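Accompanying notes for the structure given below.
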Amino acid sequence: MRQKRIKVPPEEGEAAYHCMSRTVNGEWLFEPVDREVLRKQLWVVADYCGLQVLTYTILSNHFHVLVRVPQKHVPTDAELLRRYERMYPKPTQYQTARLEVIKQQLQTGGPEAEFWRERQLKLMGDVSAYMKLVRDC
């Protein structure tokens with residue numbers, strides 16, 4: 001049974017975490033192409049979350065990653081949008097139209113923009129959110 005991760009609150013300071021994830025039933029799933037896709041995902045999601053990948057290794061049925069979580073700070077709206085667009089580089093037509101609305105609302109300070117901003121910030125600066133996003137990509 002997995003033990004609960006001990007985390008330094010990001011408001012208090014930075015920390016480094018060794019994380020790993022296995023495939024279901026230890027299946028050997030990571031072929032060379034799969035490893036490259038996962039490697040890119042590790043870096044893109046780290047950029048989105050505001051973390052730094054220090055080192056990693058991808059084996060046939062699991063991977064390890066050492067990430068640095070810096071002390072938490074609130075990024076600007078421009079930085080939030082940059083990270084979002086990096087995470088989702090090929091949005092659907094609907095997502096593109098919605099993002100244009102969000103950009104307008106961020107400029108005018110609408111309630112939907114505040115909701116979007118808070119939802120993005122919850123995923124940033126947290127190693128648990130990082131691992132969940134890597135898994136869900």
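In the structure tokens, the first chain shown is A, the next is B, and so on; residue numbers restart at 1 for each chain, and ligands run from 1 in the order shown.
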Might you pull out every residue within 12 Å of Asp34 (chain A), with only C-alpha atoms counted and same-chain residues fewer than 4 positions away left off, and present them as an mmCIF file with N, CA and C atoms, in the first residue's frame?
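Full text of out_29.cif as output:
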data_model
loop_
_atom_site.group_PDB
_atom_site.id
_atom_site.type_symbol
_atom_site.label_atom_id
_atom_site.label_comp_id
_atom_site.auth_asym_id
_atom_site.auth_seq_id
_atom_site.Cartn_x
_atom_site.Cartn_y
_atom_site.Cartn_z
ATOM 1 N N TRP A 28 5.009 -4.582 -19.536
ATOM 2 C CA TRP A 28 6.117 -3.909 -20.207
ATOM 3 C C TRP A 28 5.544 -3.142 -21.394
ATOM 4 N N LEU A 29 5.217 -1.883 -21.179
ATOM 5 C CA LEU A 29 4.511 -1.097 -22.182
ATOM 6 C C LEU A 29 5.361 -0.042 -22.872
ATOM 7 N N PHE A 30 6.427 0.404 -22.243
ATOM 8 C CA PHE A 30 7.176 1.540 -22.768
ATOM 9 C C PHE A 30 8.226 1.107 -23.786
ATOM 10 N N LEU A 38 6.439 10.055 -23.356
ATOM 11 C CA LEU A 38 6.392 10.280 -21.910
ATOM 12 C C LEU A 38 7.432 11.311 -21.481
ATOM 13 N N ARG A 39 8.623 11.235 -22.054
ATOM 14 C CA ARG A 39 9.672 12.214 -21.718
ATOM 15 C C ARG A 39 9.200 13.630 -22.010
ATOM 16 N N LYS A 40 8.604 13.835 -23.168
ATOM 17 C CA LYS A 40 8.087 15.164 -23.510
ATOM 18 C C LYS A 40 6.982 15.587 -22.556
ATOM 19 N N GLN A 41 6.111 14.651 -22.189
ATOM 20 C CA GLN A 41 5.029 14.967 -21.255
ATOM 21 C C GLN A 41 5.569 15.389 -19.892
ATOM 22 N N ILE A 58 13.153 6.368 -17.634
ATOM 23 C CA ILE A 58 11.954 5.656 -18.065
ATOM 24 C C ILE A 58 12.376 4.242 -18.423
ATOM 25 N N LEU A 59 11.815 3.273 -17.722
ATOM 26 C CA LEU A 59 12.115 1.875 -17.973
ATOM 27 C C LEU A 59 10.920 1.230 -18.676
ATOM 28 N N SER A 60 10.951 -0.064 -18.867
ATOM 29 C CA SER A 60 9.901 -0.736 -19.639
ATOM 30 C C SER A 60 8.540 -0.728 -18.960
ATOM 31 N N ASN A 61 8.516 -0.736 -17.624
ATOM 32 C CA ASN A 61 7.223 -0.817 -16.946
ATOM 33 C C ASN A 61 7.031 0.248 -15.858
ATOM 34 N N HIS A 62 7.936 1.202 -15.758
ATOM 35 C CA HIS A 62 7.767 2.290 -14.791
ATOM 36 C C HIS A 62 8.742 3.418 -15.107
ATOM 37 N N PHE A 63 8.524 4.531 -14.425
ATOM 38 C CA PHE A 63 9.447 5.653 -14.597
ATOM 39 C C PHE A 63 9.695 6.319 -13.251
#
Report as a PyMOL selection string all protein, DNA and RNA residues lying within 9 Å of Leu42 (chain A), evaluated on only C-alpha atoms, omitting residues in the same chain fewer than 5 positions from it. chain A and resi 37+47+53+56+65+130-131+134
Next, dump the selected residues to file, keeping only C-alpha atoms, as a compact mmCIF listing (two decimals), in the first residue's frame.
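See part30.txt below for the written result:
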# COMPACT_ATOMS: atom_id res chain seq x y z
CA VAL A 37 6.25 10.71 -25.69
CA ASP A 47 6.51 23.77 -17.27
CA VAL A 53 12.61 18.27 -13.76
CA TYR A 56 14.38 11.17 -14.82
CA VAL A 65 11.38 11.56 -11.97
CA TYR A 130 2.00 17.25 -11.46
CA MET A 131 1.96 13.46 -11.18
CA VAL A 134 1.41 13.32 -16.22
Would you mind writing down, as an MDAnalysis selection string, each residue of region 3-110 of chain A that DSSP on the backbone assigns to alpha helix (DSSP H)? chainID A and resid 32:49 77:87 93:108
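If you look at CA of Leu80 (chain A) and CA of Lys4 (chain A), they are 29.2 Å away from each other.
Checking A:Arg68, A:Arg83, A:Arg35, A:Arg5 one by one against Leu123 (chain A), counting only C-alpha atoms, you find the shortest gap at A:Arg83.
By chain and then residue number, the residues within 10 Å of Pro9 (chain A) are Ile6, Lys7, Glu11, Glu12, Gly13, Glu14, Ala15, Val69, Gln71, Lys72, Gly125 and Asp126 of chain A, counting only C-alpha atoms and disregarding those fewer than 2 positions away in sequence.
Distances from A:Gln105, A:Gln120, A:Gln93, A:Thr76 to Cys49 (chain A) were compared using only C-alpha atoms, and the smallest one belongs to A:Gln120.
For chain A, the set of residues given strand (DSSP E or B) by DSSP on the backbone reads Ala15, Ala16, Tyr17, His18, Cys19, Met20, Ser21, Arg22, Gln52, Val53, Leu54, Thr55, Tyr56, Thr57, Ile58, His62, Phe63, His64, Val65, Leu66, Val67, Arg68 and Val69 of chain A.
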Using the selection just defined, write its residues with N, CA, C and O atoms as a tab-separated table (two decimals), in the first residue's frame.
chain	number	residue	atom	x	y	z
A	15	ALA	N	11.24	22.47	-2.41
A	15	ALA	CA	11.53	21.09	-2.05
A	15	ALA	C	11.79	20.29	-3.31
A	15	ALA	O	11.42	20.71	-4.41
A	16	ALA	N	12.43	19.14	-3.16
A	16	ALA	CA	12.65	18.21	-4.27
A	16	ALA	C	11.99	16.89	-3.91
A	16	ALA	O	12.02	16.47	-2.75
A	17	TYR	N	11.38	16.25	-4.90
A	17	TYR	CA	10.65	15.01	-4.67
A	17	TYR	C	11.05	13.96	-5.70
A	17	TYR	O	11.17	14.26	-6.89
A	18	HIS	N	11.25	12.74	-5.21
A	18	HIS	CA	11.46	11.60	-6.09
A	18	HIS	C	10.10	10.95	-6.26
A	18	HIS	O	9.48	10.52	-5.30
A	19	CYS	N	9.62	10.90	-7.50
A	19	CYS	CA	8.32	10.30	-7.79
A	19	CYS	C	8.51	9.17	-8.78
A	19	CYS	O	9.43	9.18	-9.59
A	20	MET	N	7.62	8.20	-8.70
A	20	MET	CA	7.66	7.10	-9.66
A	20	MET	C	6.25	6.60	-9.88
A	20	MET	O	5.37	6.81	-9.06
A	21	SER	N	6.06	5.97	-11.02
A	21	SER	CA	4.77	5.39	-11.35
A	21	SER	C	5.01	4.13	-12.17
A	21	SER	O	5.90	4.09	-13.01
A	22	ARG	N	4.20	3.11	-11.88
A	22	ARG	CA	4.32	1.83	-12.57
A	22	ARG	C	3.12	1.62	-13.50
A	22	ARG	O	2.07	2.19	-13.29
A	52	GLN	N	10.45	22.02	-11.88
A	52	GLN	CA	11.67	21.79	-12.65
A	52	GLN	C	12.02	20.32	-12.57
A	52	GLN	O	12.16	19.77	-11.47
A	53	VAL	N	12.17	19.67	-13.72
A	53	VAL	CA	12.61	18.27	-13.76
A	53	VAL	C	14.12	18.28	-13.59
A	53	VAL	O	14.83	18.87	-14.40
A	54	LEU	N	14.60	17.66	-12.53
A	54	LEU	CA	16.04	17.60	-12.28
A	54	LEU	C	16.67	16.43	-13.01
A	54	LEU	O	17.75	16.56	-13.60
A	55	THR	N	16.02	15.28	-12.95
A	55	THR	CA	16.47	14.10	-13.67
A	55	THR	C	15.31	13.12	-13.75
A	55	THR	O	14.33	13.24	-13.01
A	56	TYR	N	15.43	12.15	-14.64
A	56	TYR	CA	14.38	11.17	-14.82
A	56	TYR	C	14.96	9.92	-15.45
A	56	TYR	O	16.07	9.94	-16.00
A	57	THR	N	14.22	8.83	-15.37
A	57	THR	CA	14.54	7.62	-16.12
A	57	THR	C	13.23	6.92	-16.44
A	57	THR	O	12.31	6.92	-15.62
A	58	ILE	N	13.15	6.37	-17.63
A	58	ILE	CA	11.95	5.66	-18.06
A	58	ILE	C	12.38	4.24	-18.42
A	58	ILE	O	13.23	4.04	-19.30
A	62	HIS	N	7.94	1.20	-15.76
A	62	HIS	CA	7.77	2.29	-14.79
A	62	HIS	C	8.74	3.42	-15.11
A	62	HIS	O	9.61	3.27	-15.96
A	63	PHE	N	8.52	4.53	-14.43
A	63	PHE	CA	9.45	5.65	-14.60
A	63	PHE	C	9.70	6.32	-13.25
A	63	PHE	O	8.90	6.20	-12.32
A	64	HIS	N	10.82	6.99	-13.17
A	64	HIS	CA	11.20	7.78	-11.99
A	64	HIS	C	11.45	9.20	-12.47
A	64	HIS	O	11.97	9.40	-13.57
A	65	VAL	N	11.10	10.16	-11.64
A	65	VAL	CA	11.38	11.56	-11.97
A	65	VAL	C	11.70	12.28	-10.66
A	65	VAL	O	11.07	12.04	-9.63
A	66	LEU	N	12.73	13.11	-10.68
A	66	LEU	CA	13.10	13.94	-9.55
A	66	LEU	C	12.74	15.36	-9.93
A	66	LEU	O	13.27	15.89	-10.91
A	67	VAL	N	11.78	15.95	-9.20
A	67	VAL	CA	11.32	17.30	-9.53
A	67	VAL	C	11.57	18.25	-8.38
A	67	VAL	O	11.53	17.86	-7.21
A	68	ARG	N	11.85	19.48	-8.74
A	68	ARG	CA	12.03	20.55	-7.76
A	68	ARG	C	10.79	21.43	-7.81
A	68	ARG	O	10.37	21.89	-8.86
A	69	VAL	N	10.21	21.63	-6.64
A	69	VAL	CA	9.05	22.51	-6.50
A	69	VAL	C	9.53	23.79	-5.83
A	69	VAL	O	9.92	23.77	-4.67
